[in-house]
$ cat entry.cif   # mmCIF, C-alpha atoms
data_data
#
loop_
_atom_site.label_atom_id
_atom_site.label_comp_id
_atom_site.auth_asym_id
_atom_site.auth_seq_id
_atom_site.Cartn_x
_atom_site.Cartn_y
_atom_site.Cartn_z
CA MET A 14 9.63 -50.19 -11.00
CA ILE A 15 6.74 -47.93 -12.03
CA LYS A 16 7.82 -44.89 -14.05
CA VAL A 17 5.77 -41.99 -12.68
CA ARG A 18 4.89 -39.14 -15.02
CA ASP A 19 4.72 -35.51 -13.96
CA THR A 20 1.06 -34.41 -13.88
CA ARG A 21 1.91 -30.74 -13.26
CA SER A 22 1.91 -30.12 -17.01
CA LEU A 23 -1.72 -31.25 -17.30
CA THR A 24 -4.54 -28.75 -17.50
CA ALA A 25 -7.13 -28.64 -14.73
CA SER A 26 -9.69 -30.54 -16.86
CA GLU A 27 -7.14 -33.20 -17.87
CA LEU A 28 -6.09 -33.73 -14.27
CA PHE A 29 -9.72 -33.93 -13.12
CA ASP A 30 -10.42 -36.58 -15.80
CA LEU A 31 -7.35 -38.58 -14.74
CA ARG A 32 -8.47 -38.62 -11.12
CA LYS A 33 -11.99 -39.74 -12.04
CA ARG A 34 -10.61 -42.61 -14.12
CA ALA A 35 -8.50 -43.71 -11.16
CA VAL A 36 -11.47 -43.69 -8.77
CA ILE A 37 -13.67 -45.57 -11.26
CA ALA A 38 -10.98 -48.26 -11.62
CA LEU A 39 -10.66 -48.59 -7.83
CA ARG A 40 -14.41 -48.98 -7.46
CA ALA A 41 -14.32 -51.67 -10.15
CA GLY A 42 -12.03 -53.75 -7.91
CA ARG A 43 -8.58 -52.83 -9.21
CA THR A 44 -5.84 -52.36 -6.62
CA GLN A 45 -4.17 -49.03 -6.02
CA LEU A 46 -0.89 -50.45 -7.34
CA ASP A 47 -2.53 -51.65 -10.58
CA VAL A 48 -4.29 -48.32 -11.13
CA ALA A 49 -1.09 -46.39 -10.49
CA ALA A 50 0.81 -48.56 -13.02
CA ALA A 51 -1.93 -48.20 -15.64
CA LEU A 52 -2.15 -44.41 -15.35
CA GLY A 53 1.55 -43.77 -14.81
CA VAL A 54 1.18 -42.07 -11.42
CA SER A 55 2.36 -42.92 -7.92
CA ARG A 56 0.40 -45.24 -5.61
CA GLN A 57 0.34 -42.45 -3.00
CA ALA A 58 -1.44 -40.16 -5.47
CA VAL A 59 -4.07 -42.82 -6.16
CA ALA A 60 -4.60 -43.23 -2.40
CA ARG A 61 -5.09 -39.45 -1.96
CA TRP A 62 -7.61 -39.37 -4.80
CA SER A 63 -9.51 -42.27 -3.28
CA ARG A 64 -9.84 -40.45 0.05
CA ALA A 65 -10.82 -37.20 -1.68
CA ALA A 66 -13.56 -38.97 -3.66
CA ALA A 67 -15.34 -39.80 -0.41
CA VAL A 68 -16.99 -36.34 -0.50
CA GLY A 69 -17.98 -36.67 -4.16
CA GLU A 70 -16.54 -35.37 -7.43
CA THR A 71 -15.89 -31.94 -5.93
CA GLY A 72 -13.11 -33.50 -3.90
CA LEU A 73 -11.32 -34.43 -7.12
CA GLN A 74 -11.31 -30.88 -8.51
CA PRO A 75 -7.71 -29.64 -8.76
CA ARG A 76 -6.79 -26.40 -6.98
CA THR A 77 -6.12 -23.25 -9.01
CA LYS A 78 -2.47 -23.06 -9.98
CA GLY A 79 -0.22 -20.07 -9.32
CA ARG A 80 -0.20 -17.43 -6.63
CA PRO A 81 -3.54 -16.51 -5.08
CA LEU A 82 -5.19 -13.39 -6.51
CA GLY A 83 -6.78 -12.10 -3.35
CA GLY A 84 -7.38 -12.63 0.31
CA LYS A 85 -10.31 -13.40 2.55
CA LEU A 86 -12.31 -10.42 1.38
CA ALA A 87 -15.73 -10.68 -0.23
CA ALA A 88 -15.97 -9.06 -3.64
CA LYS A 89 -19.11 -7.13 -2.62
CA HIS A 90 -17.04 -5.16 -0.09
CA ALA A 91 -14.25 -4.25 -2.54
CA SER A 92 -16.10 -1.31 -4.13
CA ARG A 93 -16.48 0.50 -0.80
CA ILE A 94 -12.79 0.04 -0.01
CA ILE A 95 -11.74 1.21 -3.50
CA ARG A 96 -13.98 4.29 -3.18
CA SER A 97 -12.40 5.13 0.19
CA ILE A 98 -8.90 4.92 -1.34
CA VAL A 99 -9.74 6.99 -4.43
CA GLU A 100 -11.83 9.71 -2.74
CA HIS A 101 -9.91 10.20 0.53
CA LEU A 102 -6.43 10.33 2.01
CA PRO A 103 -5.63 8.04 4.97
CA ASP A 104 -5.61 10.84 7.55
CA ASP A 105 -9.10 11.91 6.36
CA LEU A 106 -10.29 8.52 7.63
CA GLY A 107 -8.41 8.71 10.93
CA LEU A 108 -5.52 6.48 9.86
CA PRO A 109 -1.95 7.34 10.96
CA PHE A 110 -0.69 7.74 7.38
CA HIS A 111 -0.41 10.66 4.94
CA LEU A 112 -0.41 8.64 1.70
CA TRP A 113 -1.90 5.30 0.69
CA THR A 114 0.61 2.46 1.15
CA ARG A 115 -0.02 -1.27 1.36
CA GLU A 116 0.28 -1.00 5.16
CA ALA A 117 -2.28 1.83 5.24
CA ILE A 118 -4.70 -0.10 3.05
CA ALA A 119 -4.26 -3.25 5.15
CA LEU A 120 -5.22 -1.20 8.23
CA LEU A 121 -8.20 0.27 6.37
CA ILE A 122 -9.43 -3.22 5.46
CA ARG A 123 -8.95 -4.40 9.04
CA ARG A 124 -11.01 -1.51 10.38
CA MET A 125 -13.75 -1.73 7.77
CA ARG A 126 -14.10 -5.50 7.41
CA LYS A 127 -12.33 -6.95 10.48
CA VAL A 128 -10.06 -8.94 8.12
CA GLN A 129 -6.31 -9.20 8.72
CA LEU A 130 -4.34 -9.30 5.43
CA SER A 131 -0.60 -9.31 4.79
CA VAL A 132 0.97 -6.51 2.71
CA TRP A 133 1.66 -9.05 -0.06
CA THR A 134 -2.01 -10.03 -0.21
CA VAL A 135 -2.98 -6.36 -0.22
CA GLY A 136 -0.57 -5.81 -3.12
CA ARG A 137 -2.22 -8.60 -5.10
CA LEU A 138 -5.67 -7.15 -4.34
CA LEU A 139 -4.58 -3.70 -5.51
CA ARG A 140 -3.36 -5.11 -8.82
CA GLN A 141 -6.63 -7.00 -9.17
CA TRP A 142 -8.57 -3.77 -8.53
CA GLY A 143 -6.50 -1.81 -11.07
CA LEU A 144 -4.87 0.47 -8.46
CA THR A 145 -1.20 1.32 -9.02
CA PRO A 146 1.35 3.39 -7.03
CA GLN A 147 1.62 6.89 -8.52
CA LYS A 148 3.33 10.17 -7.72
CA PRO A 149 0.52 12.47 -6.51
CA ILE A 150 -0.03 16.06 -7.60
CA ARG A 151 0.57 18.52 -4.77
CA ARG A 152 -2.38 20.88 -4.30
CA ALA A 153 -2.56 23.79 -1.87
CA TYR A 154 -5.26 23.88 0.80
CA GLU A 155 -5.92 27.51 -0.16
CA ARG A 156 -6.87 26.62 -3.73
CA ASP A 157 -10.43 27.71 -4.55
CA PRO A 158 -12.18 25.07 -6.71
CA LYS A 159 -14.79 27.62 -7.83
CA SER A 160 -12.06 29.90 -9.21
CA VAL A 161 -10.58 26.98 -11.14
CA VAL A 162 -13.98 26.08 -12.62
CA ARG A 163 -14.57 29.72 -13.59
CA TRP A 164 -11.09 29.91 -15.16
CA LEU A 165 -11.69 26.83 -17.29
CA ALA A 166 -15.27 27.66 -18.26
CA GLU A 167 -15.19 31.45 -18.62
CA ASP A 168 -11.89 33.27 -18.05
CA TYR A 169 -9.55 31.35 -20.32
CA PRO A 170 -12.06 31.00 -23.20
CA ALA A 171 -12.47 34.82 -23.06
CA ILE A 172 -8.68 35.32 -23.11
CA ARG A 173 -8.36 32.92 -26.05
CA ALA A 174 -11.08 34.78 -27.95
CA LEU A 175 -9.34 38.09 -27.26
CA ALA A 176 -6.02 36.73 -28.56
CA HIS A 177 -7.76 35.46 -31.69
CA ARG A 178 -9.41 38.82 -32.37
CA GLU A 179 -6.16 40.74 -31.93
CA HIS A 180 -3.98 38.13 -33.69
CA ALA A 181 -1.93 37.83 -30.52
CA MET A 182 0.24 34.98 -29.28
CA ILE A 183 -0.68 33.41 -25.92
CA LEU A 184 2.36 32.72 -23.76
CA TRP A 185 2.38 30.90 -20.42
CA GLU A 186 5.04 32.29 -18.08
CA ASP A 187 6.72 30.93 -14.99
CA GLU A 188 10.01 31.23 -13.15
CA MET A 189 12.08 28.86 -11.05
CA GLY A 190 15.43 28.45 -9.34
CA LEU A 191 18.02 25.71 -9.93
CA ARG A 192 20.53 24.73 -7.25
CA SER A 193 23.80 22.85 -7.49
CA ASP A 194 22.88 20.68 -4.48
CA ALA A 195 19.70 19.30 -6.07
CA ALA A 196 19.08 15.57 -5.69
CA VAL A 197 21.36 13.60 -8.03
CA GLY A 198 18.93 10.73 -8.62
CA ARG A 199 19.94 7.05 -8.57
CA THR A 200 22.89 5.09 -9.89
CA TYR A 201 23.91 1.41 -9.84
CA GLY A 202 26.51 0.03 -7.46
CA ILE A 203 27.49 -3.03 -5.43
CA ARG A 204 24.84 -4.15 -2.94
CA GLY A 205 25.59 -2.76 0.51
CA LYS A 206 28.17 -0.27 -0.79
CA THR A 207 26.72 3.16 -1.54
CA PRO A 208 28.29 4.75 -4.64
CA VAL A 209 30.04 8.11 -4.18
CA VAL A 210 29.43 10.93 -6.69
CA PRO A 211 31.94 13.82 -6.54
CA VAL A 212 30.17 17.20 -6.64
CA ALA A 213 31.14 20.78 -5.95
CA GLY A 214 31.25 21.49 -2.22
CA ARG A 215 30.30 25.12 -2.69
CA ARG A 216 26.60 25.78 -3.25
CA PHE A 217 25.55 27.94 -6.15
CA LYS A 218 22.39 28.56 -8.13
CA CYS A 219 20.78 30.33 -11.03
CA ASN A 220 17.24 31.34 -11.89
CA MET A 221 15.15 31.06 -15.02
CA VAL A 222 12.08 32.84 -16.34
CA ALA A 223 10.40 31.47 -19.45
CA GLY A 224 7.28 31.61 -21.56
CA ILE A 225 5.91 28.94 -23.89
CA SER A 226 3.10 28.77 -26.43
CA ASN A 227 1.02 25.83 -27.62
CA ARG A 228 2.51 26.42 -31.08
CA GLY A 229 5.94 25.38 -29.82
CA LYS A 230 7.48 28.82 -29.15
CA LEU A 231 9.87 29.15 -26.20
CA PHE A 232 11.33 32.38 -24.79
CA PHE A 233 13.60 32.43 -21.74
CA MET A 234 16.11 34.38 -19.69
CA ILE A 235 18.72 33.07 -17.22
CA PHE A 236 19.86 35.25 -14.30
CA THR A 237 21.57 34.94 -10.91
CA SER A 238 20.00 37.79 -8.92
CA LEU A 239 16.72 37.58 -7.07
CA PHE A 240 13.58 37.62 -9.19
CA SER A 241 12.35 41.21 -9.09
CA ALA A 242 10.26 43.65 -11.10
CA VAL A 243 13.46 44.86 -12.79
CA ILE A 244 14.28 41.30 -13.93
CA PHE A 245 10.70 40.64 -15.03
CA VAL A 246 10.50 43.85 -17.05
CA ALA A 247 13.86 43.01 -18.65
CA PHE A 248 12.42 39.64 -19.68
CA LEU A 249 9.31 41.31 -21.12
CA ARG A 250 11.45 43.78 -23.11
CA ARG A 251 13.49 40.90 -24.51
CA LEU A 252 10.28 39.04 -25.32
CA LEU A 253 8.89 41.94 -27.38
CA ARG A 254 12.21 42.28 -29.23
CA GLN A 255 12.08 38.60 -30.21
CA THR A 256 8.55 38.63 -31.65
CA ARG A 257 6.58 41.08 -33.76
CA ARG A 258 3.22 39.72 -32.68
CA LYS A 259 1.16 41.10 -29.86
CA VAL A 260 1.54 38.98 -26.72
CA VAL A 261 -1.10 37.79 -24.27
CA LEU A 262 0.90 36.66 -21.25
CA ILE A 263 -0.62 34.33 -18.63
CA ALA A 264 1.18 34.00 -15.28
CA ASP A 265 0.53 33.33 -11.62
CA ALA A 266 -0.13 36.15 -9.15
CA HIS A 267 3.47 36.44 -7.95
CA PRO A 268 4.10 39.79 -6.20
CA VAL A 269 6.66 40.69 -8.89
CA HIS A 270 4.00 40.27 -11.58
CA ARG A 271 1.75 42.73 -9.72
CA ALA A 272 4.49 45.19 -8.66
CA LYS A 273 4.07 48.91 -9.32
CA LYS A 274 7.05 48.99 -11.71
CA THR A 275 5.63 46.03 -13.64
CA ARG A 276 2.17 47.56 -13.92
CA ALA A 277 3.62 50.89 -15.08
CA TRP A 278 5.69 49.24 -17.81
CA LEU A 279 2.71 47.13 -18.97
CA GLN A 280 0.53 50.24 -19.14
CA ARG A 281 3.10 51.97 -21.38
CA ASN A 282 3.24 48.92 -23.65
CA LYS A 283 -0.42 47.89 -23.60
CA HIS A 284 -0.55 48.04 -27.41
CA ARG A 285 2.00 45.17 -27.51
CA ILE A 286 1.35 43.03 -24.43
CA LYS A 287 -1.39 42.19 -21.93
CA LEU A 288 -0.97 40.25 -18.69
CA PHE A 289 -3.57 37.91 -17.16
CA PHE A 290 -3.37 35.94 -13.91
CA LEU A 291 -4.12 32.29 -13.21
CA PRO A 292 -6.38 31.39 -10.26
CA PRO A 293 -4.45 31.56 -6.95
CA TYR A 294 -2.61 28.43 -5.78
CA SER A 295 -3.24 26.58 -9.04
CA PRO A 296 0.17 25.84 -10.62
CA GLU A 297 -1.21 22.66 -12.18
CA LEU A 298 -3.08 24.87 -14.68
CA ASN A 299 0.17 26.34 -16.05
CA PRO A 300 1.88 24.36 -18.86
CA SER A 301 5.19 26.08 -18.01
CA GLU A 302 5.36 23.89 -14.90
CA TYR A 303 6.12 20.95 -17.21
CA LEU A 304 8.97 22.91 -18.81
CA ASN A 305 10.34 23.53 -15.31
CA GLN A 306 10.23 19.83 -14.46
CA ASP A 307 11.90 18.96 -17.77
CA VAL A 308 14.74 21.43 -17.24
CA LYS A 309 15.38 20.27 -13.68
CA SER A 310 15.41 16.60 -14.68
CA ASN A 311 17.70 17.05 -17.67
CA THR A 312 20.21 19.68 -16.53
CA VAL A 313 21.08 19.71 -12.82
CA ARG A 314 20.11 16.07 -12.22
CA ARG A 315 22.01 14.79 -15.26
CA SER A 316 25.19 16.81 -14.96
CA ARG A 317 27.68 17.89 -12.31
CA PRO A 318 28.32 21.62 -12.79
CA ARG A 319 31.47 22.81 -11.01
CA ASP A 320 30.43 26.44 -10.70
CA GLU A 321 27.71 28.95 -11.42
CA HIS A 322 28.87 29.50 -15.01
CA GLU A 323 28.69 25.78 -15.86
CA LEU A 324 25.22 25.57 -14.35
CA MET A 325 23.97 28.53 -16.37
CA ALA A 326 25.60 27.20 -19.55
CA SER A 327 23.96 23.82 -19.05
CA VAL A 328 20.49 25.33 -18.58
CA ARG A 329 20.93 27.81 -21.43
CA GLY A 330 22.15 25.11 -23.82
CA TYR A 331 19.24 22.83 -22.99
CA LEU A 332 16.67 25.60 -23.50
CA ARG A 333 18.22 26.70 -26.80
CA ALA A 334 17.99 23.12 -28.03
CA LYS A 335 14.31 23.10 -27.03
CA GLN A 336 13.73 26.26 -29.06
CA HIS A 337 14.66 24.28 -32.18
CA LYS A 338 12.26 21.45 -31.29
CA PRO A 339 8.78 22.99 -31.23
CA GLN A 340 7.15 19.53 -31.10
CA LYS A 341 8.82 18.97 -27.71
CA VAL A 342 7.41 22.25 -26.43
CA LYS A 343 3.95 21.41 -27.76
CA ALA A 344 4.09 18.13 -25.84
CA TYR A 345 3.96 20.03 -22.54
CA PHE A 346 0.36 20.96 -23.39
CA GLN A 347 -0.72 17.31 -23.72
CA ALA A 348 -0.66 16.58 -19.98
CA GLU A 349 -4.21 16.11 -18.71
CA PRO A 350 -4.35 19.15 -16.32
CA VAL A 351 -3.25 21.60 -19.07
CA ARG A 352 -4.78 20.04 -22.15
CA TYR A 353 -7.40 22.79 -22.12
CA ALA A 354 -4.63 25.22 -23.21
CA SER A 355 -3.52 23.14 -26.22
CA SER A 356 -5.84 24.92 -28.67
#
$ encode --input "entry.cif" --output "structure tokens"
Amino acid sequence: MIKVRDTRSLTASELFDLRKRAVIALRAGRTQLDVAAALGVSRQAVARWSRAAAVGETGLQPRTKGRPLGGKLAAKHASRIIRSIVEHLPDDLGLPFHLWTREAIALLIRRMRKVQLSVWTVGRLLRQWGLTPQKPIRRAYERDPKSVVRWLAEDYPAIRALAHREHAMILWEDEMGLRSDAAVGRTYGIRGKTPVVPVAGRRFKCNMVAGISNRGKLFFMIFTSLFSAVIFVAFLRRLLRQTRRKVVLIADAHPVHRAKKTRAWLQRNKHRIKLFFLPPYSPELNPSEYLNQDVKSNTVRRSRPRDEHELMASVRGYLRAKQHKPQKVKAYFQAEPVRYASS
């Protein structure tokens, strides 16, 4: 009985050479059985190679191993499809999707190239093109790109120069609310049996206003009432008590920041603090947004406060720990949209 070896471990060139040797032996008059015994392969394999050799040596070339890397899509058309994905959203192109998914891209390819691809093939193409699924940045329709360009090129450099001349500290301010019924994230459990997480049935919340500097300084205040001019002024008073330096405060154009009471207090304290506004609808320019995300992810979503006091204690404790880790605060300024504010 012929002992057949496994040729799957051979490289493509080794397998091609083996097949050529078999065909040469057959053409020299050897039988399929003799060739199979000499090479240690099955007679059926020798027969297949003989038939494949009828079209020439190309018929003996082994197929590429592994999963296919793409579908029936010419490479010259890929750049146009990639450009459509990167520069537009699906609904801009008349597709019934809001974000790019494999299904949306498969439909795009079908409309542009009349090629039907499965979602798995589309996934392999996306990896081949260097496109990965990412959480998008939300951006308001009302955002004025010209204002953003002017802020980056003119307004902020002027503010930074002013702070340097007056030896002032630049602080980026923002406020946010935290709720007890925020999403709890994910946890492991038995397949088909959703885990149960006990939480407080009564809803409660607290609010936070904070300011950070690219030198690692963090100032904050926790409160439960609505954010108002009274609360904002109280935060500003606390801020001036906690630092001897003059403060240049940068914030969004929230109505509280522009309220009559706020403006009057700032006018009385203009020798200690100045307030500047970010371009409208441009939260991505504010490094404090990254502090907000950090606090939400590491307080409410990682704990189960039973009441308002536990929620406030959790947030306050986390922020106090951050105050002692200036490198962590500086890291907020390394995100690409706010790196301009890191110096």
$ resolve_selection --input "entry.cif" --expression "the PyMOL selection byres ((chain A and resi 223) around 6)" --output "list in words"
Glu186, Asp187, Val222, Gly224, Phe232 and Phe233 of chain A
$ write_last_selection --input "entry.cif" --atoms "C-alpha atoms" --output "compact mmCIF listing (two decimals), keeping the file's coordinate frame"
# COMPACT_ATOMS: atom_id res chain seq x y z
CA GLU A 186 5.04 32.29 -18.08
CA ASP A 187 6.72 30.93 -14.99
CA VAL A 222 12.08 32.84 -16.34
CA GLY A 224 7.28 31.61 -21.56
CA PHE A 232 11.33 32.38 -24.79
CA PHE A 233 13.60 32.43 -21.74
$ resolve_selection --input "entry.cif" --expression "the PyMOL selection byres ((chain A and resi 113) around 12)" --output "ChimeraX atom specification"
/A:95,97-106,108-112,114-121,135-136,139,144-149
$ residues_around --input "entry.cif" --residues "A:Arg352" --least-positions-apart "5" --cutoff "10 Å" --atoms "all atoms listed in the file" --output "PyMOL selection string"
chain A and resi 227+298+300+344-347
$ resolve_selection --input "entry.cif" --expression "the PyMOL selection byres ((chain A and resi 276-285) around 10)" --output "JSON, numbers by chain"
{"A": [181, 242, 246, 249, 250, 253, 257, 258, 259, 260, 261, 269, 270, 271, 272, 273, 274, 275, 286, 287, 288]}
$ closest_residue --input "entry.cif" --among "A:Arg163, A:Ser327, A:Glu188, A:Leu52" --to "A:Asp265" --atoms "all atoms listed in the file"
A:Glu188
$ atom_distance --input "entry.cif" --atom1 "atom CA of A:Phe217" --atom2 "atom CA of A:Asp320"
6.8 Å
$ atom_distance --input "entry.cif" --atom1 "atom CA of A:Ile172" --atom2 "atom CA of A:Ile263"
9.3 Å
$ atom_distance --input "entry.cif" --atom1 "atom CA of A:Ala326" --atom2 "atom CA of A:Val342"
20.1 Å
$ closest_residue --input "entry.cif" --among "A:Leu252, A:Val161, A:Ala41, A:Ile235" --to "A:Cys219" --atoms "all atoms listed in the file"
A:Ile235
